[in-house]
>>> print(open('run_23.pdb').read())   # PDB, C-alpha atoms
ATOM      1  CA  GLN A   1      19.518  -0.766  19.472
ATOM      2  CA  LYS A   2      17.476  -0.222  16.322
ATOM      3  CA  GLU A   3      17.832  -2.897  13.653
ATOM      4  CA  VAL A   4      18.793  -0.398  10.957
ATOM      5  CA  GLU A   5      20.348   3.006  11.555
ATOM      6  CA  GLN A   6      20.416   5.668   8.870
ATOM      7  CA  ASP A   7      21.314   9.326   9.251
ATOM      8  CA  PRO A   8      18.201  11.257   8.163
ATOM      9  CA  GLY A   9      20.185  14.271   6.991
ATOM     10  CA  PRO A  10      19.254  16.471   5.272
ATOM     11  CA  LEU A  11      22.319  16.322   3.069
ATOM     12  CA  SER A  12      22.975  19.162   0.640
ATOM     13  CA  VAL A  13      25.715  18.945  -2.013
ATOM     14  CA  PRO A  14      26.669  20.911  -5.140
ATOM     15  CA  GLU A  15      26.035  19.429  -8.554
ATOM     16  CA  GLY A  16      28.842  17.118  -9.615
ATOM     17  CA  ALA A  17      29.801  16.097  -6.082
ATOM     18  CA  ILE A  18      30.275  12.498  -4.969
ATOM     19  CA  VAL A  19      27.597  11.530  -2.474
ATOM     20  CA  SER A  20      28.026   8.845   0.155
ATOM     21  CA  LEU A  21      24.969   7.456   1.936
ATOM     22  CA  ASN A  22      25.289   4.846   4.678
ATOM     23  CA  CYS A  23      23.380   2.478   6.917
ATOM     24  CA  THR A  24      24.433   0.252   9.763
ATOM     25  CA  TYR A  25      22.532  -2.746  11.003
ATOM     26  CA  SER A  26      22.582  -5.174  13.887
ATOM     27  CA  ASN A  27      21.004  -8.397  12.543
ATOM     28  CA  SER A  28      23.714 -10.684  11.130
ATOM     29  CA  ALA A  29      21.024 -12.768   9.374
ATOM     30  CA  PHE A  30      20.378 -10.056   6.787
ATOM     31  CA  GLN A  31      21.446 -11.203   3.336
ATOM     32  CA  TYR A  32      19.539  -8.920   0.936
ATOM     33  CA  PHE A  33      20.441  -5.257   0.867
ATOM     34  CA  MET A  34      18.578  -2.654  -1.113
ATOM     35  CA  TRP A  35      18.540   1.044  -1.752
ATOM     36  CA  TYR A  36      15.279   2.718  -2.639
ATOM     37  CA  ARG A  37      14.854   6.236  -3.932
ATOM     38  CA  GLN A  38      11.741   8.192  -3.030
ATOM     39  CA  TYR A  39      10.854  11.415  -4.770
ATOM     40  CA  SER A  40       8.468  13.836  -3.115
ATOM     41  CA  ARG A  41       4.834  12.665  -3.348
ATOM     42  CA  LYS A  42       5.910   9.317  -4.781
ATOM     43  CA  GLY A  43       6.412   5.827  -3.438
ATOM     44  CA  PRO A  44       9.893   4.311  -3.037
ATOM     45  CA  GLU A  45      11.449   2.812  -6.183
ATOM     46  CA  LEU A  46      14.151   0.153  -6.106
ATOM     47  CA  LEU A  47      17.483   1.653  -7.103
ATOM     48  CA  MET A  48      20.066  -0.987  -6.242
ATOM     49  CA  TYR A  49      19.960  -4.526  -4.885
ATOM     50  CA  THR A  50      22.871  -6.562  -3.529
ATOM     51  CA  TYR A  51      22.974 -10.072  -2.176
ATOM     52  CA  SER A  52      25.466 -10.717   0.638
ATOM     53  CA  SER A  53      28.784  -8.830   0.635
ATOM     54  CA  GLY A  54      30.483  -7.022  -2.200
ATOM     55  CA  ASN A  55      30.065  -4.158  -4.610
ATOM     56  CA  LYS A  56      27.583  -3.530  -7.360
ATOM     57  CA  GLU A  57      27.779  -0.747  -9.898
ATOM     58  CA  ASP A  58      25.036   0.673 -12.118
ATOM     59  CA  GLY A  59      25.938   3.796 -14.020
ATOM     60  CA  ARG A  60      26.686   6.572 -11.546
ATOM     61  CA  PHE A  61      25.552   4.455  -8.588
ATOM     62  CA  THR A  62      27.651   2.002  -6.582
ATOM     63  CA  ALA A  63      26.331  -0.079  -3.704
ATOM     64  CA  GLN A  64      28.716  -1.642  -1.197
ATOM     65  CA  VAL A  65      28.003  -4.184   1.517
ATOM     66  CA  ASP A  66      30.437  -5.032   4.304
ATOM     67  CA  LYS A  67      28.798  -7.784   6.322
ATOM     68  CA  SER A  68      31.727  -8.070   8.718
ATOM     69  CA  SER A  69      31.142  -4.480   9.795
ATOM     70  CA  LYS A  70      27.361  -4.607   9.262
ATOM     71  CA  TYR A  71      27.632  -1.524   7.103
ATOM     72  CA  ILE A  72      26.218  -0.686   3.680
ATOM     73  CA  SER A  73      26.858   2.295   1.455
ATOM     74  CA  LEU A  74      25.497   3.910  -1.664
ATOM     75  CA  PHE A  75      27.781   6.174  -3.685
ATOM     76  CA  ILE A  76      26.493   8.580  -6.300
ATOM     77  CA  ARG A  77      29.085   9.971  -8.693
ATOM     78  CA  ASP A  78      28.644  13.211 -10.624
ATOM     79  CA  SER A  79      25.481  13.980  -8.682
ATOM     80  CA  GLN A  80      22.679  15.769 -10.533
ATOM     81  CA  PRO A  81      19.771  17.923  -9.330
ATOM     82  CA  SER A  82      17.502  15.077 -10.473
ATOM     83  CA  ASP A  83      19.116  12.898  -7.768
ATOM     84  CA  SER A  84      17.446  15.086  -5.131
ATOM     85  CA  ALA A  85      15.233  12.666  -3.218
ATOM     86  CA  THR A  86      15.072  10.644  -0.039
ATOM     87  CA  TYR A  87      17.194   7.497  -0.120
ATOM     88  CA  LEU A  88      16.047   4.544   1.953
ATOM     89  CA  CYS A  89      18.172   1.550   2.777
ATOM     90  CA  ALA A  90      16.352  -1.727   3.312
ATOM     91  CA  MET A  91      17.411  -5.244   4.161
ATOM     92  CA  SER A  92      15.998  -8.663   4.839
ATOM     93  CA  ALA A  93      16.889 -12.248   5.645
ATOM     94  CA  TYR A  94      15.857 -15.013   3.243
ATOM     95  CA  GLY A  95      13.040 -17.109   4.606
ATOM     96  CA  GLY A  96      12.369 -14.622   7.348
ATOM     97  CA  SER A  97       9.000 -13.173   8.132
ATOM     98  CA  GLN A  98       7.243 -12.681   4.851
ATOM     99  CA  GLY A  99       7.407  -9.164   3.552
ATOM    100  CA  ASN A 100       9.579  -8.079   6.422
ATOM    101  CA  LEU A 101      11.882  -5.651   4.727
ATOM    102  CA  ILE A 102      13.521  -3.599   7.456
ATOM    103  CA  PHE A 103      13.943  -0.001   6.373
ATOM    104  CA  GLY A 104      16.115   2.824   7.574
ATOM    105  CA  LYS A 105      14.477   6.188   8.206
ATOM    106  CA  GLY A 106      15.831   7.555   4.929
ATOM    107  CA  THR A 107      18.343  10.290   4.100
ATOM    108  CA  LYS A 108      17.026  13.375   2.344
ATOM    109  CA  LEU A 109      19.466  14.491  -0.348
ATOM    110  CA  SER A 110      19.438  17.830  -2.118
ATOM    111  CA  VAL A 111      21.767  18.428  -5.078
ATOM    112  CA  LYS A 112      22.114  22.128  -5.824
ATOM    113  CA  PRO A 113      22.761  23.275  -9.412
TER
ATOM    114  CA  GLU B   1       3.107   4.945 -12.869
ATOM    115  CA  THR B   2       5.039   1.999 -11.522
ATOM    116  CA  GLY B   3       2.451  -0.694 -12.241
ATOM    117  CA  VAL B   4       0.982  -0.335  -8.737
ATOM    118  CA  THR B   5      -1.883   2.147  -8.602
ATOM    119  CA  GLN B   6      -3.287   3.540  -5.369
ATOM    120  CA  THR B   7      -6.469   5.554  -4.899
ATOM    121  CA  PRO B   8      -7.269   8.039  -3.594
ATOM    122  CA  ARG B   9      -4.018  10.009  -3.551
ATOM    123  CA  HIS B  10      -5.210  12.158  -0.668
ATOM    124  CA  LEU B  11      -7.850  11.514   1.988
ATOM    125  CA  VAL B  12      -9.069  13.610   4.896
ATOM    126  CA  MET B  13     -11.411  11.862   7.292
ATOM    127  CA  GLY B  14     -12.960  12.442  10.675
ATOM    128  CA  MET B  15     -12.413  10.040  13.525
ATOM    129  CA  THR B  16     -15.920   8.603  13.175
ATOM    130  CA  ASN B  17     -15.795   8.098   9.405
ATOM    131  CA  LYS B  18     -15.364   4.862   7.483
ATOM    132  CA  LYS B  19     -13.275   4.933   4.327
ATOM    133  CA  SER B  20     -11.307   2.516   2.157
ATOM    134  CA  LEU B  21      -7.975   2.698   0.379
ATOM    135  CA  LYS B  22      -7.568   0.801  -2.872
ATOM    136  CA  CYS B  23      -4.518  -0.714  -4.502
ATOM    137  CA  GLU B  24      -4.248  -2.440  -7.870
ATOM    138  CA  GLN B  25      -1.191  -4.038  -9.484
ATOM    139  CA  HIS B  26      -0.738  -5.004 -13.131
ATOM    140  CA  LEU B  27       2.603  -6.759 -12.743
ATOM    141  CA  GLY B  28       1.455 -10.342 -12.298
ATOM    142  CA  HIS B  29       2.878 -10.411  -8.768
ATOM    143  CA  ASN B  30       1.588 -12.891  -6.213
ATOM    144  CA  ALA B  31       2.213 -10.941  -3.013
ATOM    145  CA  MET B  32       0.826  -7.586  -1.917
ATOM    146  CA  TYR B  33       1.623  -5.461   1.117
ATOM    147  CA  TRP B  34       0.436  -2.467   3.081
ATOM    148  CA  TYR B  35       3.072  -0.212   4.628
ATOM    149  CA  LYS B  36       2.715   2.892   6.790
ATOM    150  CA  GLN B  37       5.166   5.759   6.376
ATOM    151  CA  SER B  38       5.182   8.407   9.115
ATOM    152  CA  ALA B  39       7.442  11.425   9.333
ATOM    153  CA  LYS B  40      10.864  10.689  10.799
ATOM    154  CA  LYS B  41      10.086   6.952  11.123
ATOM    155  CA  PRO B  42      11.050   3.949   9.008
ATOM    156  CA  LEU B  43       8.438   2.313   6.814
ATOM    157  CA  GLU B  44       6.332  -0.035   8.919
ATOM    158  CA  LEU B  45       4.937  -3.246   7.484
ATOM    159  CA  MET B  46       1.234  -3.635   8.277
ATOM    160  CA  PHE B  47      -0.095  -6.603   6.297
ATOM    161  CA  VAL B  48       1.105  -9.211   3.810
ATOM    162  CA  TYR B  49      -1.022 -11.189   1.375
ATOM    163  CA  ASN B  50       0.395 -14.081  -0.625
ATOM    164  CA  PHE B  51      -1.866 -15.544  -3.315
ATOM    165  CA  LYS B  52      -4.677 -13.482  -1.703
ATOM    166  CA  GLU B  53      -4.214 -15.184   1.674
ATOM    167  CA  GLN B  54      -3.145 -13.020   4.606
ATOM    168  CA  THR B  55       0.187 -14.292   5.878
ATOM    169  CA  GLU B  56       1.303 -11.462   8.139
ATOM    170  CA  ASN B  57      -0.472  -9.047  10.442
ATOM    171  CA  ASN B  58       2.150  -6.943  12.106
ATOM    172  CA  SER B  59       0.208  -6.205  15.309
ATOM    173  CA  VAL B  60      -1.944  -3.644  13.559
ATOM    174  CA  PRO B  61      -4.954  -2.230  15.479
ATOM    175  CA  SER B  62      -8.316  -3.602  14.412
ATOM    176  CA  ARG B  63      -9.435  -0.180  13.173
ATOM    177  CA  PHE B  64      -7.397  -1.123  10.064
ATOM    178  CA  SER B  65      -8.980  -3.995   8.168
ATOM    179  CA  PRO B  66      -7.363  -5.369   4.986
ATOM    180  CA  GLU B  67      -9.105  -7.195   2.186
ATOM    181  CA  CYS B  68      -7.566  -9.007  -0.772
ATOM    182  CA  PRO B  69     -10.234 -10.343  -3.159
ATOM    183  CA  ASN B  70      -7.627 -11.502  -5.720
ATOM    184  CA  SER B  71      -3.892 -11.271  -6.354
ATOM    185  CA  SER B  72      -4.272  -7.969  -8.218
ATOM    186  CA  HIS B  73      -6.375  -5.974  -5.768
ATOM    187  CA  LEU B  74      -5.858  -4.960  -2.171
ATOM    188  CA  PHE B  75      -7.989  -2.773   0.057
ATOM    189  CA  LEU B  76      -7.461  -1.194   3.455
ATOM    190  CA  HIS B  77     -10.719  -0.430   5.257
ATOM    191  CA  LEU B  78     -10.488   2.316   7.857
ATOM    192  CA  HIS B  79     -12.854   3.096  10.718
ATOM    193  CA  THR B  80     -12.704   5.127  13.943
ATOM    194  CA  LEU B  81      -9.140   6.214  13.258
ATOM    195  CA  GLN B  82      -7.048   8.390  15.551
ATOM    196  CA  PRO B  83      -5.088  11.529  14.614
ATOM    197  CA  GLU B  84      -1.819   9.592  15.088
ATOM    198  CA  ASP B  85      -2.911   7.357  12.187
ATOM    199  CA  SER B  86      -2.273  10.273   9.820
ATOM    200  CA  ALA B  87       0.500   9.102   7.493
ATOM    201  CA  LEU B  88       1.355   8.011   3.972
ATOM    202  CA  TYR B  89      -0.042   4.523   3.328
ATOM    203  CA  LEU B  90       1.895   2.630   0.701
ATOM    204  CA  CYS B  91       0.888  -0.472  -1.166
ATOM    205  CA  ALA B  92       3.558  -2.717  -2.659
ATOM    206  CA  SER B  93       3.710  -5.969  -4.581
ATOM    207  CA  SER B  94       6.348  -8.584  -5.385
ATOM    208  CA  HIS B  95       6.697 -12.066  -6.862
ATOM    209  CA  ASN B  96       7.759 -13.850  -3.712
ATOM    210  CA  PRO B  97       7.327 -12.466  -0.184
ATOM    211  CA  ARG B  98      10.141 -14.643   1.138
ATOM    212  CA  GLN B  99      12.770 -13.262  -1.206
ATOM    213  CA  GLY B 100      12.816  -9.843   0.396
ATOM    214  CA  TYR B 101      13.609  -7.872  -2.741
ATOM    215  CA  GLY B 102      11.993  -6.693  -5.942
ATOM    216  CA  TYR B 103       9.178  -4.787  -4.283
ATOM    217  CA  THR B 104       7.256  -2.313  -6.436
ATOM    218  CA  PHE B 105       5.535   0.467  -4.517
ATOM    219  CA  GLY B 106       2.592   2.615  -5.431
ATOM    220  CA  SER B 107       2.624   6.388  -4.922
ATOM    221  CA  GLY B 108       0.680   6.084  -1.702
ATOM    222  CA  THR B 109      -2.408   7.616  -0.127
ATOM    223  CA  ARG B 110      -1.742  10.621   2.089
ATOM    224  CA  LEU B 111      -4.202  10.200   4.953
ATOM    225  CA  THR B 112      -5.094  12.970   7.382
ATOM    226  CA  VAL B 113      -7.338  12.165  10.351
ATOM    227  CA  VAL B 114      -9.017  15.187  11.891
TER
END
>>> encode(input="run_23.pdb", output="C-alpha coordinates")
Amino acid sequence: QKEVEQDPGPLSVPEGAIVSLNCTYSNSAFQYFMWYRQYSRKGPELLMYTYSSGNKEDGRFTAQVDKSSKYISLFIRDSQPSDSATYLCAMSAYGGSQGNLIFGKGTKLSVKP
Amino acid sequence: ETGVTQTPRHLVMGMTNKKSLKCEQHLGHNAMYWYKQSAKKPLELMFVYNFKEQTENNSVPSRFSPECPNSSHLFLHLHTLQPEDSALYLCASSHNPRQGYGYTFGSGTRLTVV
(Lines of atoms letter the chains of each structure in order from A and count residues from 1; the text may use other names and numbers.)
(Lines give C-alpha, C1' and ligand atoms only; values in the text may rest on other atoms or scores of the structure.)
Protein backbone atom coordinates (compact mmCIF):
# COMPACT_ATOMS: atom_id res chain seq x y z
CA GLN A 1 0.00 0.00 0.00
CA LYS A 2 1.38 3.39 -1.01
CA GLU A 3 1.83 5.88 1.82
CA VAL A 4 -0.25 8.55 0.09
CA GLU A 5 -2.92 7.92 -2.52
CA GLN A 6 -4.24 10.68 -4.74
CA ASP A 7 -6.43 10.35 -7.81
CA PRO A 8 -4.40 11.87 -10.67
CA GLY A 9 -7.48 12.93 -12.62
CA PRO A 10 -7.61 14.84 -14.86
CA LEU A 11 -10.58 16.66 -13.39
CA SER A 12 -12.49 19.11 -15.57
CA VAL A 13 -15.17 21.42 -14.13
CA PRO A 14 -17.08 24.50 -15.33
CA GLU A 15 -16.25 27.90 -13.92
CA GLY A 16 -18.05 28.53 -10.65
CA ALA A 17 -18.22 24.87 -9.63
CA ILE A 18 -17.18 23.56 -6.22
CA VAL A 19 -14.12 21.35 -6.54
CA SER A 20 -13.25 18.58 -4.11
CA LEU A 21 -9.75 17.11 -4.12
CA ASN A 22 -8.80 14.25 -1.81
CA CYS A 23 -5.94 12.15 -0.52
CA THR A 24 -5.80 9.11 1.69
CA TYR A 25 -2.80 7.97 3.65
CA SER A 26 -1.65 5.00 5.68
CA ASN A 27 0.90 6.39 8.18
CA SER A 28 -0.85 7.38 11.42
CA ALA A 29 2.25 9.35 12.48
CA PHE A 30 1.58 12.10 9.95
CA GLN A 31 0.72 15.36 11.69
CA TYR A 32 1.39 18.05 9.07
CA PHE A 33 -0.84 18.17 6.02
CA MET A 34 -0.30 20.46 3.09
CA TRP A 35 -1.73 21.25 -0.29
CA TYR A 36 0.55 22.58 -2.98
CA ARG A 37 -0.51 24.06 -6.29
CA GLN A 38 1.69 23.60 -9.33
CA TYR A 39 1.12 25.57 -12.50
CA SER A 40 2.55 24.30 -15.76
CA ARG A 41 6.32 24.90 -16.02
CA LYS A 42 6.47 26.06 -12.41
CA GLY A 43 7.46 24.53 -9.10
CA PRO A 44 4.87 23.66 -6.44
CA GLU A 45 3.72 26.54 -4.21
CA LEU A 46 2.25 26.04 -0.75
CA LEU A 47 -1.48 26.71 -0.81
CA MET A 48 -2.77 25.45 2.52
CA TYR A 49 -1.21 23.96 5.64
CA THR A 50 -2.99 22.20 8.50
CA TYR A 51 -1.62 20.70 11.67
CA SER A 52 -3.41 17.59 12.97
CA SER A 53 -7.18 17.29 12.46
CA GLY A 54 -9.69 19.98 11.66
CA ASN A 55 -10.62 22.54 9.06
CA LYS A 56 -8.83 25.58 7.77
CA GLU A 57 -10.30 28.19 5.49
CA ASP A 58 -8.52 30.77 3.33
CA GLY A 59 -10.71 32.68 0.94
CA ARG A 60 -12.23 30.26 -1.55
CA PHE A 61 -10.11 27.36 -0.26
CA THR A 62 -10.92 25.03 2.63
CA ALA A 63 -8.65 22.24 3.82
CA GLN A 64 -10.02 19.41 5.95
CA VAL A 65 -8.15 16.69 7.81
CA ASP A 66 -9.81 13.61 9.27
CA LYS A 67 -7.07 11.68 11.03
CA SER A 68 -9.44 8.95 12.20
CA SER A 69 -10.17 8.10 8.57
CA LYS A 70 -6.69 9.06 7.32
CA TYR A 71 -8.31 11.30 4.75
CA ILE A 72 -7.64 14.90 3.73
CA SER A 73 -9.57 17.16 1.40
CA LEU A 74 -9.22 20.48 -0.35
CA PHE A 75 -12.36 22.31 -1.42
CA ILE A 76 -12.33 25.15 -3.91
CA ARG A 77 -15.47 27.29 -4.03
CA ASP A 78 -16.47 29.39 -7.03
CA SER A 79 -13.67 27.86 -9.08
CA GLN A 80 -11.95 30.10 -11.63
CA PRO A 81 -9.98 29.33 -14.80
CA SER A 82 -6.91 30.61 -12.93
CA ASP A 83 -7.32 27.65 -10.53
CA SER A 84 -6.38 25.31 -13.40
CA ALA A 85 -3.24 23.57 -12.14
CA THR A 86 -2.03 20.35 -10.60
CA TYR A 87 -2.80 20.06 -6.89
CA LEU A 88 -0.43 18.01 -4.76
CA CYS A 89 -1.17 16.82 -1.27
CA ALA A 90 1.80 16.36 1.03
CA MET A 91 2.24 15.25 4.61
CA SER A 92 4.90 14.60 7.18
CA ALA A 93 5.52 13.55 10.76
CA TYR A 94 7.30 15.94 13.13
CA GLY A 95 10.82 14.82 13.90
CA GLY A 96 10.74 12.28 11.13
CA SER A 97 13.36 11.96 8.46
CA GLN A 98 14.49 15.44 7.62
CA GLY A 99 12.88 16.85 4.54
CA ASN A 100 10.73 13.80 4.12
CA LEU A 101 7.54 15.31 2.87
CA ILE A 102 5.50 12.50 1.37
CA PHE A 103 3.64 13.68 -1.71
CA GLY A 104 0.68 12.35 -3.61
CA LYS A 105 0.96 12.05 -7.38
CA GLY A 106 -1.10 15.20 -7.87
CA THR A 107 -4.53 15.85 -9.39
CA LYS A 108 -4.65 17.87 -12.59
CA LEU A 109 -7.57 20.31 -12.48
CA SER A 110 -8.98 22.21 -15.43
CA VAL A 111 -11.62 24.90 -14.87
CA LYS A 112 -13.41 25.75 -18.10
CA PRO A 113 -14.77 29.29 -18.62
CA GLU B 1 9.97 34.23 -8.75
CA THR B 2 9.44 32.55 -5.42
CA GLY B 3 12.78 33.45 -3.84
CA VAL B 4 14.31 30.16 -5.00
CA THR B 5 16.02 30.46 -8.38
CA GLN B 6 17.07 27.47 -10.46
CA THR B 7 19.28 27.46 -13.55
CA PRO B 8 19.19 26.36 -16.25
CA ARG B 9 15.45 26.02 -16.86
CA HIS B 10 16.00 23.39 -19.53
CA LEU B 11 18.91 21.03 -20.14
CA VAL B 12 19.50 18.37 -22.77
CA MET B 13 22.54 16.20 -22.22
CA GLY B 14 24.06 13.04 -23.62
CA MET B 15 24.73 10.05 -21.43
CA THR B 16 28.47 10.74 -21.38
CA ASN B 17 28.20 14.45 -20.56
CA LYS B 18 28.86 16.17 -17.25
CA LYS B 19 26.62 19.07 -16.27
CA SER B 20 25.53 20.89 -13.13
CA LEU B 21 22.24 22.28 -11.90
CA LYS B 22 22.29 25.38 -9.73
CA CYS B 23 19.91 26.58 -7.06
CA GLU B 24 20.00 29.82 -5.09
CA GLN B 25 17.65 31.00 -2.33
CA HIS B 26 17.27 34.53 -0.97
CA LEU B 27 14.90 33.68 1.87
CA GLY B 28 17.36 33.22 4.71
CA HIS B 29 16.40 29.55 5.02
CA ASN B 30 18.76 27.06 6.61
CA ALA B 31 17.74 23.90 4.78
CA MET B 32 17.84 23.11 1.08
CA TYR B 33 16.57 20.09 -0.84
CA TRP B 34 16.71 18.41 -4.21
CA TYR B 35 13.56 16.66 -5.44
CA LYS B 36 12.91 14.68 -8.62
CA GLN B 37 9.53 14.93 -10.31
CA SER B 38 8.76 12.32 -12.98
CA ALA B 39 5.55 11.97 -14.94
CA LYS B 40 2.81 10.08 -13.10
CA LYS B 41 4.98 9.70 -9.97
CA PRO B 42 5.04 11.56 -6.66
CA LEU B 43 7.87 13.97 -5.94
CA GLU B 44 10.89 12.03 -4.74
CA LEU B 45 13.26 13.48 -2.17
CA MET B 46 16.89 13.11 -3.26
CA PHE B 47 19.06 15.10 -0.85
CA VAL B 48 18.72 17.33 2.21
CA TYR B 49 21.21 19.91 3.44
CA ASN B 50 20.82 21.61 6.81
CA PHE B 51 23.21 24.48 7.54
CA LYS B 52 25.17 23.29 4.45
CA GLU B 53 25.70 19.81 5.92
CA GLN B 54 24.16 16.87 4.07
CA THR B 55 21.69 15.17 6.39
CA GLU B 56 19.79 12.91 4.01
CA ASN B 57 20.72 10.93 0.92
CA ASN B 58 17.66 9.07 -0.18
CA SER B 59 19.46 6.14 -1.85
CA VAL B 60 20.30 8.23 -4.87
CA PRO B 61 22.71 6.74 -7.46
CA SER B 62 26.23 8.13 -7.37
CA ARG B 63 25.85 9.63 -10.84
CA PHE B 64 24.04 12.44 -8.96
CA SER B 65 26.42 14.39 -6.74
CA PRO B 66 25.16 17.30 -4.60
CA GLU B 67 27.20 20.20 -3.34
CA CYS B 68 26.21 22.89 -0.84
CA PRO B 69 28.95 25.51 -0.41
CA ASN B 70 26.76 27.70 1.85
CA SER B 71 23.18 27.91 3.08
CA SER B 72 22.10 29.94 0.04
CA HIS B 73 23.50 27.83 -2.79
CA LEU B 74 22.97 24.24 -3.83
CA PHE B 75 24.30 22.37 -6.83
CA LEU B 76 23.53 19.00 -8.37
CA HIS B 77 26.40 17.62 -10.44
CA LEU B 78 25.38 15.13 -13.11
CA HIS B 79 27.52 12.60 -14.95
CA THR B 80 26.91 9.46 -17.03
CA LEU B 81 23.15 9.78 -16.65
CA GLN B 82 20.61 7.35 -18.06
CA PRO B 83 17.52 8.18 -20.15
CA GLU B 84 15.29 7.25 -17.18
CA ASP B 85 16.88 10.17 -15.29
CA SER B 86 14.97 12.56 -17.55
CA ALA B 87 12.65 14.50 -15.24
CA LEU B 88 11.96 17.85 -13.62
CA TYR B 89 14.51 18.51 -10.87
CA LEU B 90 13.21 20.81 -8.18
CA CYS B 91 15.14 22.65 -5.54
CA ALA B 92 13.40 23.73 -2.34
CA SER B 93 14.33 25.49 0.88
CA SER B 94 12.82 25.87 4.35
CA HIS B 95 13.69 27.15 7.82
CA ASN B 96 13.68 23.83 9.60
CA PRO B 97 13.87 20.43 7.87
CA ARG B 98 12.23 18.70 10.82
CA GLN B 99 9.07 20.78 10.72
CA GLY B 100 7.87 19.33 7.45
CA TYR B 101 6.11 22.43 6.18
CA GLY B 102 6.85 25.85 4.75
CA TYR B 103 8.87 24.61 1.81
CA THR B 104 9.50 27.07 -1.02
CA PHE B 105 10.20 25.48 -4.39
CA GLY B 106 12.01 26.81 -7.40
CA SER B 107 10.59 26.46 -10.92
CA GLY B 108 12.79 23.48 -11.63
CA THR B 109 15.20 22.34 -14.33
CA ARG B 110 13.64 20.19 -17.04
CA LEU B 111 16.33 17.61 -17.80
CA THR B 112 16.32 15.42 -20.89
CA VAL B 113 18.96 12.70 -21.23
CA VAL B 114 19.50 11.49 -24.78
>>> resolve_selection(input="run_23.pdb", expression="the PyMOL selection byres ((chain B) within 7 of (chain A))", output="list in words")
Lys40, Lys41, Pro42, Leu43, Leu45, Val48, Glu56, Leu90, Pro97, Arg98, Gln99, Gly100, Thr104, Phe105, Gly106, Ser107 and Gly108 of chain B
>>> closest_residue(input="run_23.pdb", among="A:Pro113, A:Ile76, A:Ser84, A:Lys108", to="A:Val19", atoms="all atoms listed in the file")
A:Ile76
>>> atom_distance(input="run_23.pdb", atom1="atom CA of A:Asp83", atom2="atom CA of A:Lys56")
18.5 Å
>>> closest_residue(input="run_23.pdb", among="B:Ala31, B:Leu81, B:Leu74, B:Ala87", to="B:Thr16", atoms="all atoms listed in the file")
B:Leu81
>>> atom_distance(input="run_23.pdb", atom1="atom CA of B:Cys68", atom2="atom CA of B:Asn30")
11.3 Å
>>> residues_around(input="run_23.pdb", residues="B:Tyr89", least_positions_apart="2", cutoff="10 Å", atoms="all atoms listed in the file", output="CSV table (one decimal) with C-alpha atoms, keeping the file's coordinate frame")
chain,number,residue,atom,x,y,z
A,43,GLY,CA,6.4,5.8,-3.4
B,6,GLN,CA,-3.3,3.5,-5.4
B,9,ARG,CA,-4.0,10.0,-3.6
B,21,LEU,CA,-8.0,2.7,0.4
B,34,TRP,CA,0.4,-2.5,3.1
B,35,TYR,CA,3.1,-0.2,4.6
B,36,LYS,CA,2.7,2.9,6.8
B,37,GLN,CA,5.2,5.8,6.4
B,38,SER,CA,5.2,8.4,9.1
B,43,LEU,CA,8.4,2.3,6.8
B,44,GLU,CA,6.3,0.0,8.9
B,46,MET,CA,1.2,-3.6,8.3
B,76,LEU,CA,-7.5,-1.2,3.5
B,85,ASP,CA,-2.9,7.4,12.2
B,86,SER,CA,-2.3,10.3,9.8
B,87,ALA,CA,0.5,9.1,7.5
B,91,CYS,CA,0.9,-0.5,-1.2
B,106,GLY,CA,2.6,2.6,-5.4
B,107,SER,CA,2.6,6.4,-4.9
B,108,GLY,CA,0.7,6.1,-1.7
B,109,THR,CA,-2.4,7.6,-0.1
B,110,ARG,CA,-1.7,10.6,2.1
B,111,LEU,CA,-4.2,10.2,5.0
>>> residues_around(input="run_23.pdb", residues="B:Lys52", least_positions_apart="3", cutoff="12 Å", atoms="all atoms listed in the file", output="list in words")
His29, Asn30, Ala31, Met32, Tyr33, Phe47, Val48, Tyr49, Thr55, Glu56, Pro66, Glu67, Cys68, Pro69, Asn70, Ser71, Ser72, His73, Leu74, Phe75 and Ser93 of chain B
>>> atom_distance(input="run_23.pdb", atom1="atom CA of A:Lys112", atom2="atom CA of B:Ala39")
23.7 Å
>>> resolve_selection(input="run_23.pdb", expression="the PyMOL selection byres ((chain B and resi 12) around 9)", output="list in words")
His10, Leu11, Met13, Gly14, Arg110, Leu111, Thr112, Val113 and Val114 of chain B
>>> write_last_selection(input="run_23.pdb", atoms="C-alpha atoms", output="PDB file, in the frame of the given file")
ATOM      1  CA  HIS B  10      -5.210  12.158  -0.668  1.00  0.00           C
ATOM      2  CA  LEU B  11      -7.850  11.514   1.988  1.00  0.00           C
ATOM      3  CA  MET B  13     -11.411  11.862   7.292  1.00  0.00           C
ATOM      4  CA  GLY B  14     -12.960  12.442  10.675  1.00  0.00           C
ATOM      5  CA  ARG B 110      -1.742  10.621   2.089  1.00  0.00           C
ATOM      6  CA  LEU B 111      -4.202  10.200   4.953  1.00  0.00           C
ATOM      7  CA  THR B 112      -5.094  12.970   7.382  1.00  0.00           C
ATOM      8  CA  VAL B 113      -7.338  12.165  10.351  1.00  0.00           C
ATOM      9  CA  VAL B 114      -9.017  15.187  11.891  1.00  0.00           C
TER      10      VAL B 114
END
>>> resolve_selection(input="run_23.pdb", expression="the PyMOL selection byres ((chain A and resi 69) around 10)", output="PyMOL selection string")
chain A and resi 24-26+28+65-68+70-72
>>> residues_around(input="run_23.pdb", residues="A:Arg77", least_positions_apart="3", cutoff="12 Å", atoms="all atoms listed in the file", output="ChimeraX atom specification")
/A:13-21,57-63,74,80,83,111
>>> closest_residue(input="run_23.pdb", among="B:Met15, B:Phe51, B:His79, B:Val4", to="B:Phe64", atoms="all atoms listed in the file")
B:His79
>>> axis_aligned_box(input="run_23.pdb", around="stretch 23-41 of chain A", padding_each_side="4 Å", output="JSON")
{"center_x": 14.6, "center_y": 0.5, "center_z": 4.6, "size_x": 27.6, "size_y": 34.6, "size_z": 26.7}
